[in-house]
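Q: Structure incoming, see below.
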Protein chains: 2
Amino acid sequence: MTRLGVVLSGRGSNFLAIAAQVRAGAVPAEIAVVISNRADAPGLAAARELGLTAIALPSKGLDREAYDQQLIAALREHGVEWVILAGYMRILSAAFIRAFPSRILNIHPSLLPAFTGLDAQHQAFDYGVTITGCTVHFVDEHLDHGPIVMQAAVEVAASDTAETLSARILVEEHRIYSESIRRLLTTPWRIDGRRVVFET
Amino acid sequence: MTRLGVVLSGRGSNFLAIAAQVRAGAVPAEIAVVISNRADAPGLAAARELGLTAIALPSKGLDREAYDQQLIAALREHGVEWVILAGYMRILSAAFIRAFPSRILNIHPSLLPAFTGLDAQHQAFDYGVTITGCTVHFVDEHLDHGPIVMQAAVEVAASDTAETLSARILVEEHRIYSESIRRLLTTPWRIDGRRVVFET
């Protein structure tokens, strides 16, 4: 079984969705460890409740490089092969990216490359798009930028607020993050330029 | 009947799709004139074939401001209320935008704000998105930037080339451009910030 390491900063709702799919046998992997840079992250408490190994690794006061070395060490100690970011609110260092080449995934609540950065759902709503969505992508050294694994579209309804829109995007996030991991673990794939090409 | 003025530079396939919907009575408007900056534009010949008023207004050698004054005059001469850009390959001047405030529409073959400018379908394909599409928007003084009226999503298939993808996007372009005009002419709307809000 492929060993996943989840890294989060908050409630980790995408982590919980993935954990449910792992438990159901839909994603052929195990969650080897859940790590948070914030000791009070609700996602960490939820991980413990699920009986998973959960580690608080506080980032406060450490620069990015020093912290990332600790994070790499903790992930390796638990035999992590794939790093799953689930609401991790720090930028990863180049050293971290190199430590897990093409094995770090993130999810972003917009159809990238539109609306990178914070509050993507609000950005999209205020811009007035009628279609937005979410994107699972490999992580590279640029913000919300690596090769795209899967996207889902969500229509903006006339009655939407940014909040109701965010809620519907979240449903799609929960669906495609697990599905992306499942496909990457079960289907041959390669990266061609910056396109993720599944061989079947 | 609302009088539409179509402006194009090439084959004008979106113009033909709109003309068909006008003829079918689905868009409550008439095409008052079709103008091209290129005398040899196939769209101009097609307009004549359809019995529409078709005018070649060559732009060669004229600067943008001088040309746009001619274009404004020709549109006004034909009583045009809404300007429909259908593959018009020039940037409009500020004076043109001001001459038809919130009455100029364009269609762009991506989910704006992603992939502005030329060859948007190829840009999206090469970027590796799994969802792209097209956007009908009001034209302002910035490239592919005004308030969005309607968008349609198109999934990128594993077997796609940029060309097959472009063909599927074009089908959606033909659908949403007419539908956008129909909605704008039949439903109360306003622009709130940069969001187009339909009142029903």
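Just remember, in the structure tokens the first chain shown is A, the second B, etc., residues are 1-based per chain, and ligands are 1-based in the order shown.
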List the spatial neighbours of Gln121 of chain A as a list in words - criterion: any atom at most 9 Å away, only C-alpha atoms, same-chain residues fewer than 4 positions off excluded.
A: Pro109, Ser110, Phe115, Phe125, Asp126, Thr132, Gly133, Ala162, Glu163, Leu165, Ser166 and Ile169 of chain A
Q: How about saving the chosen residues, N, CA, C and O atoms kept, as an mmCIF file, in the first residue's frame?
A:
data_model
loop_
_atom_site.group_PDB
_atom_site.id
_atom_site.type_symbol
_atom_site.label_atom_id
_atom_site.label_comp_id
_atom_site.auth_asym_id
_atom_site.auth_seq_id
_atom_site.Cartn_x
_atom_site.Cartn_y
_atom_site.Cartn_z
ATOM 1 N N PRO A 109 -9.070 25.982 -4.712
ATOM 2 C CA PRO A 109 -10.499 26.194 -5.017
ATOM 3 C C PRO A 109 -10.768 27.172 -6.164
ATOM 4 O O PRO A 109 -11.556 28.111 -6.018
ATOM 5 N N SER A 110 -10.121 26.956 -7.308
ATOM 6 C CA SER A 110 -10.471 27.676 -8.540
ATOM 7 C C SER A 110 -10.040 26.806 -9.710
ATOM 8 O O SER A 110 -9.327 25.814 -9.523
ATOM 9 N N PHE A 115 -7.251 32.835 -10.672
ATOM 10 C CA PHE A 115 -7.492 33.055 -9.243
ATOM 11 C C PHE A 115 -6.570 32.240 -8.342
ATOM 12 O O PHE A 115 -7.002 31.389 -7.569
ATOM 13 N N PHE A 125 -15.848 34.992 -7.495
ATOM 14 C CA PHE A 125 -17.190 35.568 -7.361
ATOM 15 C C PHE A 125 -17.166 37.053 -7.711
ATOM 16 O O PHE A 125 -17.991 37.532 -8.495
ATOM 17 N N ASP A 126 -16.211 37.770 -7.145
ATOM 18 C CA ASP A 126 -16.141 39.217 -7.388
ATOM 19 C C ASP A 126 -15.791 39.528 -8.851
ATOM 20 O O ASP A 126 -16.202 40.560 -9.375
ATOM 21 N N THR A 132 -16.673 28.481 -12.201
ATOM 22 C CA THR A 132 -15.396 28.370 -11.515
ATOM 23 C C THR A 132 -15.240 26.909 -11.116
ATOM 24 O O THR A 132 -15.843 26.048 -11.760
ATOM 25 N N GLY A 133 -14.463 26.590 -10.102
ATOM 26 C CA GLY A 133 -14.314 25.184 -9.760
ATOM 27 C C GLY A 133 -13.129 24.962 -8.856
ATOM 28 O O GLY A 133 -12.828 25.798 -8.003
ATOM 29 N N ALA A 162 -20.729 34.469 -2.232
ATOM 30 C CA ALA A 162 -19.404 33.829 -2.265
ATOM 31 C C ALA A 162 -19.387 32.610 -1.337
ATOM 32 O O ALA A 162 -18.724 31.614 -1.622
ATOM 33 N N GLU A 163 -20.170 32.680 -0.270
ATOM 34 C CA GLU A 163 -20.170 31.583 0.718
ATOM 35 C C GLU A 163 -20.888 30.340 0.176
ATOM 36 O O GLU A 163 -20.406 29.222 0.337
ATOM 37 N N LEU A 165 -21.317 29.630 -2.911
ATOM 38 C CA LEU A 165 -20.460 29.136 -3.991
ATOM 39 C C LEU A 165 -19.299 28.312 -3.426
ATOM 40 O O LEU A 165 -19.010 27.206 -3.907
ATOM 41 N N SER A 166 -18.659 28.825 -2.387
ATOM 42 C CA SER A 166 -17.542 28.101 -1.764
ATOM 43 C C SER A 166 -17.971 26.720 -1.285
ATOM 44 O O SER A 166 -17.216 25.740 -1.411
ATOM 45 N N ILE A 169 -18.214 24.417 -4.232
ATOM 46 C CA ILE A 169 -16.869 24.063 -4.704
ATOM 47 C C ILE A 169 -16.255 23.015 -3.786
ATOM 48 O O ILE A 169 -15.615 22.066 -4.251
#
Q: Tell me, counting only C-alpha atoms, for each residue of chain B within 8 Å of chain A, which pair of atoms is nearest and how far apart they are in Å to one decimal, in rows ordered by chain and increasing number, as a Markdown table.
A:
| residue | atom | partner | partner_atom | distance |
| --- | --- | --- | --- | --- |
| B:Leu111 | CA | A:Ile131 | CA | 7.7 |
| B:Leu112 | CA | A:Val129 | CA | 7.6 |
| B:Pro113 | CA | A:Ala114 | CA | 6.0 |
| B:Ala114 | CA | A:Ala114 | CA | 5.1 |
| B:Asp126 | CA | A:Arg195 | CA | 6.8 |
| B:Tyr127 | CA | A:Arg194 | CA | 6.1 |
| B:Gly128 | CA | A:Arg195 | CA | 4.1 |
| B:Val129 | CA | A:Ile148 | CA | 6.1 |
| B:Thr130 | CA | A:Gln151 | CA | 5.8 |
| B:Ile131 | CA | A:Gln151 | CA | 6.2 |
| B:Pro147 | CA | A:Gly128 | CA | 6.7 |
| B:Ile148 | CA | A:Val129 | CA | 6.1 |
| B:Val149 | CA | A:Thr130 | CA | 7.7 |
| B:Met150 | CA | A:Thr130 | CA | 6.0 |
| B:Gln151 | CA | A:Thr130 | CA | 5.7 |
| B:Ala152 | CA | A:Ile131 | CA | 7.2 |
| B:Ala153 | CA | A:Ala153 | CA | 7.0 |
| B:Ala158 | CA | A:Val197 | CA | 7.2 |
| B:Gly193 | CA | A:Asp126 | CA | 7.6 |
| B:Arg194 | CA | A:Gly128 | CA | 6.0 |
| B:Arg195 | CA | A:Gly128 | CA | 4.2 |
| B:Val196 | CA | A:Gly128 | CA | 6.7 |
| B:Val197 | CA | A:Ala158 | CA | 7.1 |
| B:Phe198 | CA | A:Ala158 | CA | 7.2 |
Q: DSSP on the backbone, strand (DSSP E or B) only: what residues of chain B does that give? Format it as a PyMOL selection string.
A: chain B and resi 2-8+29-36+54-56+82-85+104-108+131-138+148-155+189-192+195-198
Q: For Val7 of chain B, list every protein, DNA or RNA residue within 10 Å, evaluated using only C-alpha atoms, and leave out those in the same chain fewer than 5 positions away; present the list as a PyMOL selection string.
A: chain B and resi 12+15+33-37+43-44+54-55+71+75+83-89+106
Q: Restricting it to C-alpha atoms, dump the selection as a short mmCIF file (atom, residue, chain, number, x, y, z; two decimals), in the first residue's frame.
A:
data_model
loop_
_atom_site.label_atom_id
_atom_site.label_comp_id
_atom_site.auth_asym_id
_atom_site.auth_seq_id
_atom_site.Cartn_x
_atom_site.Cartn_y
_atom_site.Cartn_z
CA GLY B 12 -17.26 34.74 -38.70
CA PHE B 15 -21.79 35.45 -36.66
CA VAL B 33 -25.21 45.42 -40.80
CA VAL B 34 -22.12 43.23 -40.98
CA ILE B 35 -18.83 45.11 -41.23
CA SER B 36 -15.36 43.74 -41.82
CA ASN B 37 -12.00 45.47 -41.76
CA GLY B 43 -17.83 36.20 -43.19
CA LEU B 44 -18.64 39.17 -45.40
CA ALA B 54 -22.38 43.72 -45.66
CA ILE B 55 -19.74 46.42 -45.73
CA LEU B 71 -16.50 52.23 -37.86
CA LEU B 75 -22.60 51.43 -37.36
CA VAL B 83 -22.18 45.76 -31.39
CA ILE B 84 -21.40 42.05 -31.73
CA LEU B 85 -17.73 41.24 -32.25
CA ALA B 86 -17.29 37.93 -34.03
CA GLY B 87 -13.62 37.31 -34.60
CA TYR B 88 -12.65 40.95 -34.97
CA MET B 89 -8.88 40.96 -34.79
CA ASN B 106 -17.24 39.66 -27.59
#
Q: Do a neighbour search on segment 49-52 of chain A at 12 Å with only C-alpha atoms, toss out local chain neighbours closer than 6 positions, and write the hits as an MDAnalysis selection string.
A: chainID A and resid 4:6 15:16 19:20 22:23 30:35 42:43 78
Q: Could you turn the residues from that selection into a file that holds all heavy atoms, as a CSV table (one decimal), in the first residue's frame?
A:
chain,number,residue,atom,x,y,z
A,4,LEU,N,0.7,7.6,2.3
A,4,LEU,CA,0.5,9.0,2.1
A,4,LEU,C,0.8,9.7,3.4
A,4,LEU,O,0.6,9.3,4.5
A,4,LEU,CB,-1.0,9.2,1.8
A,4,LEU,CG,-1.7,8.4,0.7
A,4,LEU,CD1,-3.2,8.8,0.6
A,4,LEU,CD2,-1.0,8.6,-0.6
A,5,GLY,N,1.4,10.9,3.2
A,5,GLY,CA,1.6,11.8,4.4
A,5,GLY,C,0.7,13.1,4.1
A,5,GLY,O,0.9,13.7,3.1
A,6,VAL,N,-0.2,13.4,5.1
A,6,VAL,CA,-1.1,14.5,4.9
A,6,VAL,C,-0.5,15.7,5.7
A,6,VAL,O,-0.1,15.5,6.9
A,6,VAL,CB,-2.5,14.2,5.4
A,6,VAL,CG1,-3.4,15.5,5.4
A,6,VAL,CG2,-3.1,13.1,4.6
A,15,PHE,N,-8.7,16.4,3.8
A,15,PHE,CA,-8.1,15.2,4.4
A,15,PHE,C,-9.1,14.2,4.9
A,15,PHE,O,-9.0,13.0,4.6
A,15,PHE,CB,-7.2,15.7,5.6
A,15,PHE,CG,-7.1,14.7,6.7
A,15,PHE,CD1,-6.6,13.4,6.5
A,15,PHE,CD2,-7.5,15.1,8.0
A,15,PHE,CE1,-6.6,12.5,7.6
A,15,PHE,CE2,-7.5,14.2,9.1
A,15,PHE,CZ,-7.0,12.9,8.8
A,16,LEU,N,-10.2,14.7,5.5
A,16,LEU,CA,-11.2,13.8,6.0
A,16,LEU,C,-11.9,13.1,4.9
A,16,LEU,O,-12.2,11.9,5.0
A,16,LEU,CB,-12.3,14.6,6.8
A,16,LEU,CG,-11.7,15.1,8.2
A,16,LEU,CD1,-12.7,16.0,8.9
A,16,LEU,CD2,-11.3,14.0,9.1
A,19,ALA,N,-9.5,10.4,3.7
A,19,ALA,CA,-9.5,9.4,4.7
A,19,ALA,C,-10.7,8.4,4.6
A,19,ALA,O,-10.5,7.2,4.7
A,19,ALA,CB,-9.4,10.0,6.2
A,20,ALA,N,-11.8,9.0,4.3
A,20,ALA,CA,-13.0,8.2,4.1
A,20,ALA,C,-12.9,7.3,2.9
A,20,ALA,O,-13.3,6.1,2.9
A,20,ALA,CB,-14.3,9.1,4.0
A,22,VAL,N,-10.1,6.3,1.6
A,22,VAL,CA,-9.1,5.3,1.9
A,22,VAL,C,-9.7,4.1,2.7
A,22,VAL,O,-9.5,3.0,2.4
A,22,VAL,CB,-7.9,5.9,2.7
A,22,VAL,CG1,-7.0,4.8,3.3
A,22,VAL,CG2,-7.1,6.8,1.7
A,23,ARG,N,-10.4,4.5,3.7
A,23,ARG,CA,-11.1,3.5,4.6
A,23,ARG,C,-12.1,2.7,3.8
A,23,ARG,O,-12.2,1.5,4.0
A,23,ARG,CB,-11.9,4.3,5.7
A,23,ARG,CG,-12.6,3.4,6.6
A,23,ARG,CD,-13.0,4.2,7.9
A,23,ARG,NE,-11.9,4.6,8.7
A,23,ARG,CZ,-12.0,4.8,10.0
A,23,ARG,NH1,-13.2,4.5,10.6
A,23,ARG,NH2,-11.0,5.1,10.7
A,30,GLU,N,-2.5,4.0,2.3
A,30,GLU,CA,-2.8,4.2,3.7
A,30,GLU,C,-2.3,5.5,4.1
A,30,GLU,O,-1.3,6.0,3.5
A,30,GLU,CB,-2.1,3.1,4.5
A,30,GLU,CG,-0.7,3.0,4.4
A,30,GLU,CD,-0.1,1.8,5.1
A,30,GLU,OE1,-0.4,1.6,6.3
A,30,GLU,OE2,0.6,1.0,4.5
A,31,ILE,N,-2.9,6.1,5.1
A,31,ILE,CA,-2.4,7.4,5.6
A,31,ILE,C,-1.4,7.1,6.7
A,31,ILE,O,-1.8,6.7,7.8
A,31,ILE,CB,-3.6,8.3,6.1
A,31,ILE,CG1,-4.5,8.6,4.8
A,31,ILE,CG2,-3.1,9.6,6.7
A,31,ILE,CD1,-5.8,9.4,5.2
A,32,ALA,N,-0.1,7.3,6.4
A,32,ALA,CA,0.9,6.9,7.3
A,32,ALA,C,1.1,7.9,8.4
A,32,ALA,O,1.4,7.6,9.6
A,32,ALA,CB,2.3,6.8,6.5
A,33,VAL,N,0.8,9.2,8.1
A,33,VAL,CA,0.9,10.3,9.2
A,33,VAL,C,0.2,11.5,8.7
A,33,VAL,O,0.0,11.8,7.5
A,33,VAL,CB,2.4,10.6,9.4
A,33,VAL,CG1,3.1,11.2,8.2
A,33,VAL,CG2,2.6,11.5,10.6
A,34,VAL,N,-0.3,12.2,9.7
A,34,VAL,CA,-0.9,13.5,9.5
A,34,VAL,C,-0.1,14.5,10.3
A,34,VAL,O,0.0,14.4,11.5
A,34,VAL,CB,-2.4,13.6,9.9
A,34,VAL,CG1,-3.0,15.0,9.7
A,34,VAL,CG2,-3.2,12.5,9.1
A,35,ILE,N,0.4,15.6,9.6
A,35,ILE,CA,1.3,16.5,10.3
A,35,ILE,C,0.7,17.9,10.1
A,35,ILE,O,0.2,18.3,9.1
A,35,ILE,CB,2.7,16.5,9.7
A,35,ILE,CG1,3.3,15.1,9.8
A,35,ILE,CG2,3.6,17.6,10.4
A,35,ILE,CD1,4.7,15.0,9.2
A,42,PRO,N,-7.8,21.7,14.0
A,42,PRO,CA,-8.9,20.7,14.2
A,42,PRO,C,-8.6,19.5,13.4
A,42,PRO,O,-9.0,18.4,13.8
A,42,PRO,CB,-10.1,21.5,13.7
A,42,PRO,CG,-9.8,22.9,13.8
A,42,PRO,CD,-8.3,23.0,13.5
A,43,GLY,N,-7.9,19.6,12.2
A,43,GLY,CA,-7.7,18.4,11.4
A,43,GLY,C,-6.8,17.4,12.2
A,43,GLY,O,-6.9,16.2,11.9
A,78,HIS,N,8.2,8.3,8.7
A,78,HIS,CA,7.0,7.5,8.6
A,78,HIS,C,6.8,6.9,7.2
A,78,HIS,O,5.7,6.4,6.9
A,78,HIS,CB,5.7,8.4,8.9
A,78,HIS,CG,5.7,8.7,10.4
A,78,HIS,ND1,6.3,9.8,10.9
A,78,HIS,CD2,5.1,8.0,11.5
A,78,HIS,CE1,6.1,9.8,12.3
A,78,HIS,NE2,5.4,8.8,12.6
Q: As a PyMOL selection string, please: the residues near Thr2 of chain A (cut-off 8 Å, only C-alpha atoms, same-chain neighbours under 6 positions excluded).
A: chain A and resi 28-30+81-82+185
Q: May I have the residues from that selection written out with N, CA, C and O atoms, as a JSON list (two decimals), in the first residue's frame?
A:
[["chain", "number", "residue", "atom", "x", "y", "z"],
["A", 28, "PRO", "N", -6.30, 3.08, -3.04],
["A", 28, "PRO", "CA", -5.42, 2.00, -2.58],
["A", 28, "PRO", "C", -4.16, 2.56, -1.92],
["A", 28, "PRO", "O", -3.09, 2.56, -2.50],
["A", 29, "ALA", "N", -4.32, 3.06, -0.72],
["A", 29, "ALA", "CA", -3.22, 3.69, 0.00],
["A", 29, "ALA", "C", -3.52, 3.65, 1.48],
["A", 29, "ALA", "O", -4.63, 3.30, 1.88],
["A", 30, "GLU", "N", -2.52, 4.00, 2.27],
["A", 30, "GLU", "CA", -2.79, 4.19, 3.69],
["A", 30, "GLU", "C", -2.25, 5.55, 4.11],
["A", 30, "GLU", "O", -1.29, 6.05, 3.53],
["A", 81, "GLU", "N", 5.49, 8.25, 0.92],
["A", 81, "GLU", "CA", 5.86, 8.27, -0.49],
["A", 81, "GLU", "C", 5.20, 9.44, -1.22],
["A", 81, "GLU", "O", 5.77, 10.00, -2.15],
["A", 82, "TRP", "N", 3.96, 9.75, -0.87],
["A", 82, "TRP", "CA", 3.23, 10.86, -1.50],
["A", 82, "TRP", "C", 2.83, 11.85, -0.41],
["A", 82, "TRP", "O", 2.29, 11.45, 0.62],
["A", 185, "LEU", "N", -2.39, 6.54, -8.53],
["A", 185, "LEU", "CA", -1.85, 5.31, -7.94],
["A", 185, "LEU", "C", -2.23, 4.06, -8.74],
["A", 185, "LEU", "O", -1.64, 3.00, -8.53]]
Q: If you count only C-alpha atoms, which residues fall within 12 Å of Glu65 of chain B, apart from same-chain ones fewer than 2 positions away, as a count of residues only?
A: 18
Q: Among the residues of segment 35-113 of chain A, find those DSSP assigns to helix (DSSP H, G or I) from the backbone and print them as a PyMOL selection string.
A: chain A and resi 42-49+64-77+94-99
Q: Quick one: residues within 8 Å of Ser102 of chain A, only C-alpha atoms, excluding same-chain residues fewer than 2 positions away - as a PyMOL selection string?
A: chain A and resi 100+104+138-139
Q: Taking only C-alpha atoms into account, which of A:Glu179, A:Leu105, A:His122, A:Asp140 comes nearest Asp160 of chain A?
A: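 Nearest to Asp160 of chain A: A:His122.
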Q: What does the distance from atom CA of Val171 of chain A to atom CA of Ser13 of chain A come to in Å, to one decimal?
A: 10.0 Å
